[in-house]
Structure formats: C-alpha cells, structure tokens
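Heads up, the thing below is written out as structure tokens.
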Amino acid sequence: MTEAEIRTHIFRGLELIAPEADFDELPSGENLREELDIDSYDFLSFLIWLNEDLGVEIPEIDYEKLITLENLVAYLSQRLN
C-alpha cells in the first residue's frame, strides 16, 4: 500500500471523529490531537477503526509513537509493506 493510500485511509477515519477538519491544511509534523481538537477517547476510537479498516494491530505501547500524521503514515507503512 502506498503512502498516499495510507493517508486516504487515515483521513477517512479521522473524518468520522472530526468531520469539520480540513485535511488538506493538516500539517504532517504537528500533534494530530491538538490540531484536530480531539480527546484521547476519540483518538483511541480512531486507532481501533484503523485496526479494523486496515487489519493492522496497533499495540497500546505504540500509541505514544503515533503523535503526528507523519508518524502515523510511517508506522502503518512499515506494518503494511
């Protein structure tokens, strides 16, 4: 799966918890939760959705690594390829 396809999946999931967000303007190196003003429960729901959508197990210990869009794309890219 390409990074562009991974981003599409990420944005589809984020749209469920932050439908008003403009993903074209989302900085890839900034904290996702802060940029989208989402709480930890919503972010956890998003990670669970990614697991179900992509079939990628994301252990709880890795949650702290998934701060930015850039981190998330790189993490999923390694797991999917």
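Lettering and numbering for the structure tokens are positional, with chains as A, B, ... in the shown order, residues counted from 1 in each chain, and ligands counted from 1 in the shown order.
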* Residues within 10 Å of region 27-42 of chain A, only C-alpha atoms, excluding chain neighbours under 3 positions, as a list in words -> Leu14, Leu16, Ile17, Ala18, Pro19, Glu20, Ala21, Asp22, Phe23, Asp24, Ser45, Phe46, Leu47, Ile48, Leu66, Ile67, Thr68, Leu69, Glu70, Asn71, Leu72 and Val73 of chain A
* Structure fact -> note - CA of Gln78 (chain A) and CA of Glu64 (chain A) are separated by 16.5 Å
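Counting from CA of Ile61 (chain A), the distance to CA of Arg7 (chain A) is 22.2 Å.
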* To do: Run DSSP on the backbone and give me the residues of chain A it puts in alpha helix (DSSP H), as JSON, numbers by chain.
  => {"A": [3, 4, 5, 6, 7, 8, 9, 10, 11, 12, 13, 14, 15, 16, 17, 32, 33, 34, 35, 36, 40, 41, 42, 43, 44, 45, 46, 47, 48, 49, 50, 51, 52, 53, 54, 69, 70, 71, 72, 73, 74, 75, 76, 77, 78, 79, 80]}
Keeping only N, CA and C atoms, write those residues as a short mmCIF file (atom, residue, chain, number, x, y, z; two decimals), in the first residue's frame.
data_model
loop_
_atom_site.label_atom_id
_atom_site.label_comp_id
_atom_site.auth_asym_id
_atom_site.auth_seq_id
_atom_site.Cartn_x
_atom_site.Cartn_y
_atom_site.Cartn_z
N GLU A 3 1.98 5.32 0.43
CA GLU A 3 1.75 6.31 1.47
C GLU A 3 0.50 7.14 1.18
N ALA A 4 0.24 7.41 -0.08
CA ALA A 4 -0.96 8.17 -0.46
C ALA A 4 -2.23 7.39 -0.09
N GLU A 5 -2.22 6.09 -0.32
CA GLU A 5 -3.37 5.25 0.04
C GLU A 5 -3.53 5.19 1.55
N ILE A 6 -2.43 5.12 2.27
CA ILE A 6 -2.48 5.11 3.73
C ILE A 6 -3.07 6.42 4.24
N ARG A 7 -2.63 7.53 3.68
CA ARG A 7 -3.18 8.84 4.07
C ARG A 7 -4.69 8.89 3.82
N THR A 8 -5.12 8.34 2.70
CA THR A 8 -6.55 8.32 2.39
C THR A 8 -7.32 7.56 3.47
N HIS A 9 -6.81 6.42 3.90
CA HIS A 9 -7.45 5.65 4.96
C HIS A 9 -7.45 6.44 6.27
N ILE A 10 -6.33 7.06 6.59
CA ILE A 10 -6.24 7.86 7.82
C ILE A 10 -7.27 8.98 7.80
N PHE A 11 -7.35 9.70 6.71
CA PHE A 11 -8.29 10.82 6.61
C PHE A 11 -9.74 10.34 6.69
N ARG A 12 -10.01 9.19 6.10
CA ARG A 12 -11.37 8.63 6.17
C ARG A 12 -11.75 8.33 7.63
N GLY A 13 -10.79 7.79 8.38
CA GLY A 13 -11.05 7.51 9.79
C GLY A 13 -11.15 8.77 10.63
N LEU A 14 -10.27 9.73 10.37
CA LEU A 14 -10.31 10.98 11.11
C LEU A 14 -11.59 11.76 10.83
N GLU A 15 -12.09 11.62 9.62
CA GLU A 15 -13.33 12.31 9.25
C GLU A 15 -14.51 11.85 10.12
N LEU A 16 -14.45 10.62 10.60
CA LEU A 16 -15.51 10.10 11.46
C LEU A 16 -15.54 10.80 12.82
N ILE A 17 -14.37 11.25 13.31
CA ILE A 17 -14.32 11.88 14.62
C ILE A 17 -14.11 13.39 14.54
N LEU A 32 -1.58 15.51 16.04
CA LEU A 32 -2.90 15.31 15.45
C LEU A 32 -4.03 15.68 16.41
N ARG A 33 -3.90 15.23 17.66
CA ARG A 33 -4.97 15.50 18.63
C ARG A 33 -5.14 17.00 18.85
N GLU A 34 -4.04 17.72 18.94
CA GLU A 34 -4.13 19.16 19.15
C GLU A 34 -4.67 19.87 17.90
N GLU A 35 -4.17 19.49 16.75
CA GLU A 35 -4.60 20.14 15.50
C GLU A 35 -6.09 19.93 15.23
N LEU A 36 -6.58 18.75 15.57
CA LEU A 36 -7.99 18.43 15.29
C LEU A 36 -8.89 18.63 16.51
N SER A 40 -8.64 11.98 23.99
CA SER A 40 -7.97 10.67 23.95
C SER A 40 -8.95 9.55 23.59
N TYR A 41 -10.20 9.65 24.02
CA TYR A 41 -11.19 8.62 23.68
C TYR A 41 -11.44 8.59 22.17
N ASP A 42 -11.60 9.77 21.57
CA ASP A 42 -11.81 9.83 20.12
C ASP A 42 -10.60 9.30 19.37
N PHE A 43 -9.40 9.62 19.87
CA PHE A 43 -8.19 9.14 19.20
C PHE A 43 -8.09 7.62 19.31
N LEU A 44 -8.43 7.09 20.47
CA LEU A 44 -8.44 5.63 20.64
C LEU A 44 -9.46 4.99 19.69
N SER A 45 -10.62 5.59 19.57
CA SER A 45 -11.63 5.08 18.63
C SER A 45 -11.10 5.09 17.21
N PHE A 46 -10.38 6.12 16.86
CA PHE A 46 -9.76 6.22 15.54
C PHE A 46 -8.75 5.10 15.32
N LEU A 47 -7.90 4.84 16.31
CA LEU A 47 -6.89 3.77 16.19
C LEU A 47 -7.56 2.41 16.06
N ILE A 48 -8.64 2.19 16.79
CA ILE A 48 -9.39 0.94 16.68
C ILE A 48 -9.99 0.82 15.28
N TRP A 49 -10.51 1.93 14.77
CA TRP A 49 -11.07 1.93 13.42
C TRP A 49 -9.99 1.57 12.40
N LEU A 50 -8.78 2.15 12.56
CA LEU A 50 -7.68 1.82 11.65
C LEU A 50 -7.37 0.33 11.69
N ASN A 51 -7.35 -0.23 12.88
CA ASN A 51 -7.10 -1.66 13.05
C ASN A 51 -8.11 -2.47 12.24
N GLU A 52 -9.37 -2.10 12.38
CA GLU A 52 -10.43 -2.83 11.67
C GLU A 52 -10.39 -2.57 10.17
N ASP A 53 -10.13 -1.34 9.76
CA ASP A 53 -10.14 -0.98 8.35
C ASP A 53 -8.95 -1.57 7.60
N LEU A 54 -7.78 -1.49 8.21
CA LEU A 54 -6.56 -1.93 7.53
C LEU A 54 -6.08 -3.31 7.98
N LEU A 69 0.72 13.06 11.90
CA LEU A 69 0.33 12.38 10.66
C LEU A 69 1.53 11.68 10.06
N GLU A 70 2.65 12.35 10.08
CA GLU A 70 3.90 11.79 9.55
C GLU A 70 4.27 10.49 10.28
N ASN A 71 4.19 10.50 11.62
CA ASN A 71 4.48 9.29 12.41
C ASN A 71 3.52 8.17 12.06
N LEU A 72 2.26 8.51 11.94
CA LEU A 72 1.23 7.51 11.68
C LEU A 72 1.40 6.87 10.31
N VAL A 73 1.69 7.68 9.30
CA VAL A 73 1.90 7.15 7.95
C VAL A 73 3.11 6.23 7.93
N ALA A 74 4.21 6.65 8.55
CA ALA A 74 5.43 5.84 8.57
C ALA A 74 5.18 4.52 9.32
N TYR A 75 4.51 4.59 10.44
CA TYR A 75 4.22 3.40 11.24
C TYR A 75 3.37 2.40 10.45
N LEU A 76 2.30 2.88 9.85
CA LEU A 76 1.41 2.00 9.08
C LEU A 76 2.10 1.47 7.84
N SER A 77 2.92 2.30 7.21
CA SER A 77 3.65 1.87 6.03
C SER A 77 4.55 0.67 6.35
N GLN A 78 5.23 0.72 7.48
CA GLN A 78 6.09 -0.40 7.89
C GLN A 78 5.27 -1.65 8.16
N ARG A 79 4.12 -1.49 8.74
CA ARG A 79 3.29 -2.64 9.11
C ARG A 79 2.56 -3.25 7.92
N LEU A 80 2.28 -2.44 6.92
CA LEU A 80 1.52 -2.91 5.77
C LEU A 80 2.38 -3.42 4.62
#
